[in-house]
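Containing CSV, C-alpha atoms: query.csv.
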```csv
chain,number,residue,atom,x,y,z
J,30,MET,CA,32.4,22.4,-41.4
J,31,PRO,CA,36.0,23.6,-41.2
J,32,ALA,CA,37.8,23.4,-37.8
J,33,GLY,CA,37.2,26.3,-35.6
J,34,SER,CA,33.9,27.3,-37.1
J,35,ILE,CA,30.8,27.8,-35.0
J,36,THR,CA,28.1,25.2,-35.4
J,37,PRO,CA,24.7,26.9,-35.9
J,38,ALA,CA,22.1,26.1,-33.2
J,39,SER,CA,19.8,24.6,-35.9
J,40,ALA,CA,22.3,21.9,-36.7
J,41,ARG,CA,23.1,20.8,-33.1
J,42,GLN,CA,22.5,17.1,-32.4
J,43,LEU,CA,19.6,16.1,-30.1
J,44,PRO,CA,19.3,12.8,-28.1
J,45,PHE,CA,19.0,9.5,-29.9
J,46,GLY,CA,20.9,10.8,-32.9
J,47,LEU,CA,18.2,13.3,-34.0
J,48,HIS,CA,19.4,16.5,-35.6
J,49,ARG,CA,17.6,19.8,-35.8
J,50,SER,CA,18.6,20.2,-39.4
J,51,GLY,CA,16.4,17.6,-41.0
J,52,PHE,CA,15.0,14.4,-39.7
J,53,HIS,CA,18.0,12.2,-39.7
J,54,THR,CA,18.0,9.5,-37.0
J,55,SER,CA,20.5,7.0,-35.9
J,56,VAL,CA,18.7,3.7,-35.8
J,57,GLY,CA,21.5,2.0,-33.9
J,58,GLY,CA,21.5,4.7,-31.2
J,59,LEU,CA,17.7,4.5,-30.8
J,60,VAL,CA,17.7,0.7,-30.7
J,61,SER,CA,20.5,0.6,-28.1
J,62,THR,CA,18.7,3.2,-25.9
J,63,VAL,CA,15.4,1.3,-26.1
J,64,ALA,CA,17.2,-2.0,-25.3
J,65,LEU,CA,18.9,-0.4,-22.3
J,66,THR,CA,15.7,1.1,-21.0
J,67,TRP,CA,13.8,-2.2,-21.3
J,68,MET,CA,16.6,-4.0,-19.5
J,69,LEU,CA,16.6,-1.6,-16.6
J,70,VAL,CA,12.8,-1.7,-16.3
J,71,SER,CA,12.7,-5.5,-16.4
J,72,LEU,CA,15.4,-5.7,-13.7
J,73,LEU,CA,13.9,-3.1,-11.4
J,74,ALA,CA,10.1,-3.6,-11.9
J,75,PRO,CA,9.7,-6.5,-9.5
J,76,ARG,CA,11.5,-4.5,-6.8
J,77,LEU,CA,9.6,-1.3,-7.4
J,78,ALA,CA,6.0,-2.7,-7.5
J,79,LEU,CA,5.3,-3.8,-3.9
J,80,GLY,CA,8.7,-5.1,-2.8
J,81,SER,CA,8.1,-8.7,-1.9
J,82,THR,CA,4.4,-8.2,-1.1
J,83,GLY,CA,3.4,-10.2,-4.2
J,84,ASP,CA,1.4,-9.2,-7.2
J,85,SER,CA,0.4,-5.5,-7.1
J,86,ALA,CA,-2.7,-6.3,-9.1
J,87,GLN,CA,-4.1,-8.3,-6.2
J,88,HIS,CA,-4.8,-7.9,-2.5
J,89,LEU,CA,-6.2,-9.9,0.4
J,90,TYR,CA,-9.6,-9.2,1.8
J,91,LEU,CA,-9.7,-10.5,5.4
J,92,GLN,CA,-12.4,-10.8,8.0
J,93,ILE,CA,-10.8,-10.9,11.5
J,94,ASN,CA,-12.3,-11.5,14.9
J,95,TYR,CA,-10.6,-10.2,18.1
J,96,ASP,CA,-11.7,-11.5,21.5
J,97,GLY,CA,-9.5,-9.3,23.6
J,98,GLN,CA,-6.8,-12.1,23.8
J,99,ALA,CA,-6.2,-13.3,20.2
J,100,PHE,CA,-6.9,-12.6,16.6
J,101,HIS,CA,-8.8,-15.2,14.5
J,102,LEU,CA,-9.1,-15.3,10.8
J,103,VAL,CA,-12.8,-15.8,9.9
J,104,SER,CA,-12.5,-15.6,6.1
J,105,SER,CA,-10.1,-14.5,3.5
J,106,ARG,CA,-10.1,-14.1,-0.2
J,107,VAL,CA,-7.8,-12.8,-3.0
J,108,GLU,CA,-9.2,-9.8,-4.8
J,109,ASN,CA,-8.1,-9.3,-8.4
J,110,ALA,CA,-7.6,-5.6,-8.1
J,111,PRO,CA,-4.9,-3.3,-6.7
J,112,LEU,CA,-5.0,-2.5,-3.0
J,113,PRO,CA,-7.2,0.6,-2.7
J,114,GLY,CA,-5.6,3.7,-1.3
J,115,ALA,CA,-6.9,5.7,1.6
J,116,ARG,CA,-9.5,8.2,0.5
J,117,GLY,CA,-8.4,11.8,0.9
J,118,ALA,CA,-5.1,10.8,2.4
J,119,SER,CA,-1.9,12.4,1.3
J,120,GLU,CA,1.5,10.8,1.2
J,121,ALA,CA,2.8,13.3,3.8
J,122,ALA,CA,-0.1,12.8,6.3
J,123,PRO,CA,0.5,10.1,8.8
J,124,PRO,CA,-2.2,7.4,9.0
J,125,LYS,CA,-4.8,8.0,11.7
J,126,GLY,CA,-6.1,5.6,14.3
J,127,PRO,CA,-4.8,4.2,17.6
J,128,TRP,CA,-4.2,0.7,16.2
J,129,ARG,CA,-1.2,-0.1,14.0
J,130,VAL,CA,-1.1,-3.2,11.7
J,131,THR,CA,2.2,-4.3,10.2
J,132,LEU,CA,2.6,-7.1,7.6
J,133,ARG,CA,6.0,-8.8,7.9
J,134,ASP,CA,7.6,-11.6,5.9
J,135,ALA,CA,9.3,-14.7,7.3
J,136,LYS,CA,12.5,-12.8,7.8
J,137,GLY,CA,10.7,-10.1,9.9
J,138,GLU,CA,11.0,-7.4,7.3
J,139,VAL,CA,8.1,-4.9,7.1
J,140,LEU,CA,6.2,-5.3,3.8
J,141,TRP,CA,3.2,-3.0,4.6
J,142,GLU,CA,2.0,-0.9,7.5
J,143,ASP,CA,-1.2,1.0,8.2
J,144,ALA,CA,-3.3,2.5,11.0
J,145,LEU,CA,-6.8,1.5,12.1
J,146,GLN,CA,-9.5,2.8,14.3
J,147,ASP,CA,-10.0,0.6,17.3
J,148,PRO,CA,-12.6,-1.9,16.1
J,149,THR,CA,-13.6,-2.8,19.7
J,150,MET,CA,-14.9,0.8,20.4
J,151,LEU,CA,-18.5,1.6,19.5
J,152,ARG,CA,-19.7,5.2,19.5
J,153,GLY,CA,-23.3,6.1,20.0
J,154,GLU,CA,-24.9,9.6,19.7
J,155,PHE,CA,-28.0,10.6,21.5
J,156,ALA,CA,-30.1,13.7,21.5
J,157,ASP,CA,-30.0,15.7,24.8
J,158,ASP,CA,-32.9,17.9,24.2
J,159,SER,CA,-36.5,17.6,22.9
J,160,LYS,CA,-35.5,19.2,19.6
J,161,GLY,CA,-32.7,16.7,19.0
J,162,THR,CA,-30.2,19.4,18.2
J,163,VAL,CA,-27.7,18.9,21.1
J,164,LYS,CA,-26.1,15.5,20.9
J,165,HIS,CA,-24.4,13.5,23.6
J,166,ALA,CA,-21.8,10.9,22.5
J,167,SER,CA,-20.9,7.8,24.4
J,168,HIS,CA,-18.2,5.2,23.8
J,169,THR,CA,-18.4,1.6,24.8
J,170,ARG,CA,-16.0,-1.3,24.3
J,171,ARG,CA,-17.5,-4.4,22.6
J,172,LEU,CA,-15.8,-7.8,22.6
J,173,PRO,CA,-15.6,-9.9,20.5
J,174,ALA,CA,-15.1,-7.4,17.7
J,175,SER,CA,-15.2,-8.3,14.0
J,176,PHE,CA,-13.5,-6.1,11.4
J,177,LEU,CA,-12.5,-6.2,7.7
J,178,LEU,CA,-8.9,-5.5,6.6
J,179,ARG,CA,-7.4,-5.2,3.1
J,180,THR,CA,-3.7,-6.0,2.8
J,181,PRO,CA,-1.3,-6.6,-0.1
J,182,ALA,CA,-1.4,-10.2,-1.5
J,183,VAL,CA,1.6,-12.1,-0.1
J,184,ALA,CA,2.7,-15.7,-0.5
J,185,SER,CA,3.1,-15.9,3.3
J,186,GLY,CA,3.3,-13.3,6.0
J,187,THR,CA,2.3,-12.3,9.5
J,188,LEU,CA,0.0,-9.4,10.6
J,189,HIS,CA,1.2,-7.8,13.8
J,190,PHE,CA,-1.4,-5.7,15.7
J,191,ALA,CA,-0.4,-3.0,18.2
J,192,GLN,CA,-2.2,-0.2,20.0
J,193,GLN,CA,-0.7,3.3,20.6
J,194,VAL,CA,-1.4,4.2,24.3
J,195,GLY,CA,0.1,7.6,25.0
J,196,ASP,CA,3.8,7.4,24.1
J,197,GLN,CA,3.9,3.6,24.3
J,198,THR,CA,3.1,0.9,21.7
J,199,VAL,CA,1.4,-2.1,23.2
J,200,ALA,CA,1.5,-5.4,21.2
J,201,LEU,CA,-2.0,-6.9,20.8
J,202,GLY,CA,-1.2,-10.1,18.9
J,203,SER,CA,-0.4,-11.5,15.5
J,204,LEU,CA,-2.1,-13.5,12.7
J,205,GLU,CA,-0.7,-15.6,9.9
J,206,VAL,CA,-2.0,-14.8,6.4
J,207,SER,CA,-1.3,-16.1,2.9
J,208,ALA,CA,-2.7,-15.5,-0.6
J,209,HIS,CA,-2.4,-19.3,-1.1
J,210,LYS,CA,-4.6,-20.2,1.8
J,211,THR,CA,-7.9,-18.5,1.4
J,212,GLN,CA,-10.8,-19.7,3.5
J,213,GLY,CA,-14.4,-19.1,4.5
J,214,ALA,CA,-17.2,-17.3,2.8
J,215,PRO,CA,-16.7,-13.9,1.1
```
Have the structure of the file written as structure tokens, please.
Amino acid sequence: MPAGSITPASARQLPFGLHRSGFHTSVGGLVSTVALTWMLVSLLAPRLALGSTGDSAQHLYLQINYDGQAFHLVSSRVENAPLPGARGASEAAPPKGPWRVTLRDAKGEVLWEDALQDPTMLRGEFADDSKGTVKHASHTRRLPASFLLRTPAVASGTLHFAQQVGDQTVALGSLEVSAHKTQGAP
């Protein structure tokens, strides 16, 4: 086209060297774009998956006992599946439960965090009338308590347990975990 002429919209160039007027492609442009995309994905993918929490296709399944003084690992195993998400939970909603569990690496950086219901509390419901329609609920604390916990698979880390009491967070204890040191029965 001569200088100063207007390029028709049908002949404008699209990304990757594609043109609206015909199916001309620039193989060099397409190859370089694909190569650049692959390079960025390969560099960033390990950091995007689960940080340094290990393989995102695996998680730890832990059985833990708490005696009121310390946490004890009863059994652990590596599950070859991604860590399940909370059912019905949205990203914006904060996790519920008075206990907080935090998985930290050797440097003390937080790898994962979640909230738990207090496993030492047992709730019982009882009928208050002869028809069984009115219920009375009662809570009691049971120790030792045993509970199951799923965490991201990590080469080595420490679980820190804390309880939210009013506006304060009270540390309950910690427990070493590792995907390389599984133990006990499933």
List as a ChimeraX atom specification the protein and nucleic acid residues near J:Lys125, meaning an atom at most 10 Å away when only C-alpha atoms are counted, but skip any in the same chain fewer than 6 places from it. /J:118,143-146
Would you mind listing what lies within 7 Å of J:Ser203 as a compact mmCIF listing (two decimals) with C-alpha atoms, in the coordinates of the input, with all atoms listed in the file counted and same-chain residues fewer than 2 positions away left out?
```txt
# COMPACT_ATOMS: atom_id res chain seq x y z
CA PHE J 100 -6.90 -12.60 16.60
CA THR J 187 2.30 -12.30 9.50
CA LEU J 188 0.00 -9.40 10.60
CA HIS J 189 1.20 -7.80 13.80
CA PHE J 190 -1.40 -5.70 15.70
CA GLU J 205 -0.70 -15.60 9.90
```
In Å to one decimal, how far is atom CA of J:Val199 from atom CA of J:Ser185?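 One can read the atom CA of J:Ser185 to atom CA of J:Val199 distance as 24.3 Å.
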Gap from atom CA of J:Glu108 to atom CA of J:Ala135 - Å, one decimal: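 Distance reported for this atom pair: 22.6 Å.
The gap separating atom CA of J:His88 from atom CA of J:Leu178 is 10.3 Å, in Å to one decimal.
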Who sits within 7 Å of J:Tyr95, all atoms listed in the file, same chain under 4 positions skipped, as a PyMOL selection string: chain J and resi 99-101+173-175
Would you list the residues near (-2.9, -10.2, 2.5) (no more than 10 Å away, in the coordinates of the file, using only C-alpha atoms) as a PyMOL selection string? chain J and resi 82-83+87-91+105-108+112+132+141+178-188+205-209+211
Determine the nearest neighbour of J:Thr131 from the options J:Gln192, J:Gln197, J:His168, J:Asn94, counting all atoms listed in the file. J:Gln192
Could you give me, as a list in words, the residues within 9 Å of J:Ala191, counting only C-alpha atoms and dropping anything in the same chain fewer than 3 positions from it?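 My list of contacting residues is Pro127, Trp128, Arg129, Val130, Thr131, Thr198, Val199, Ala200, Leu201, Gly202 and Ser203 of chain J.
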For J:Arg170, which of J:Ala110, J:Lys210, J:Asp158, J:Arg152 is the closest residue, counting only C-alpha atoms?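 Distance minimum relative to J:Arg170 lands on J:Arg152.
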Which residue is closest to J:Asn109? Choose from J:Ala86, J:Gln92, J:Gly126, J:Ala166 and count all atoms listed in the file. J:Ala86
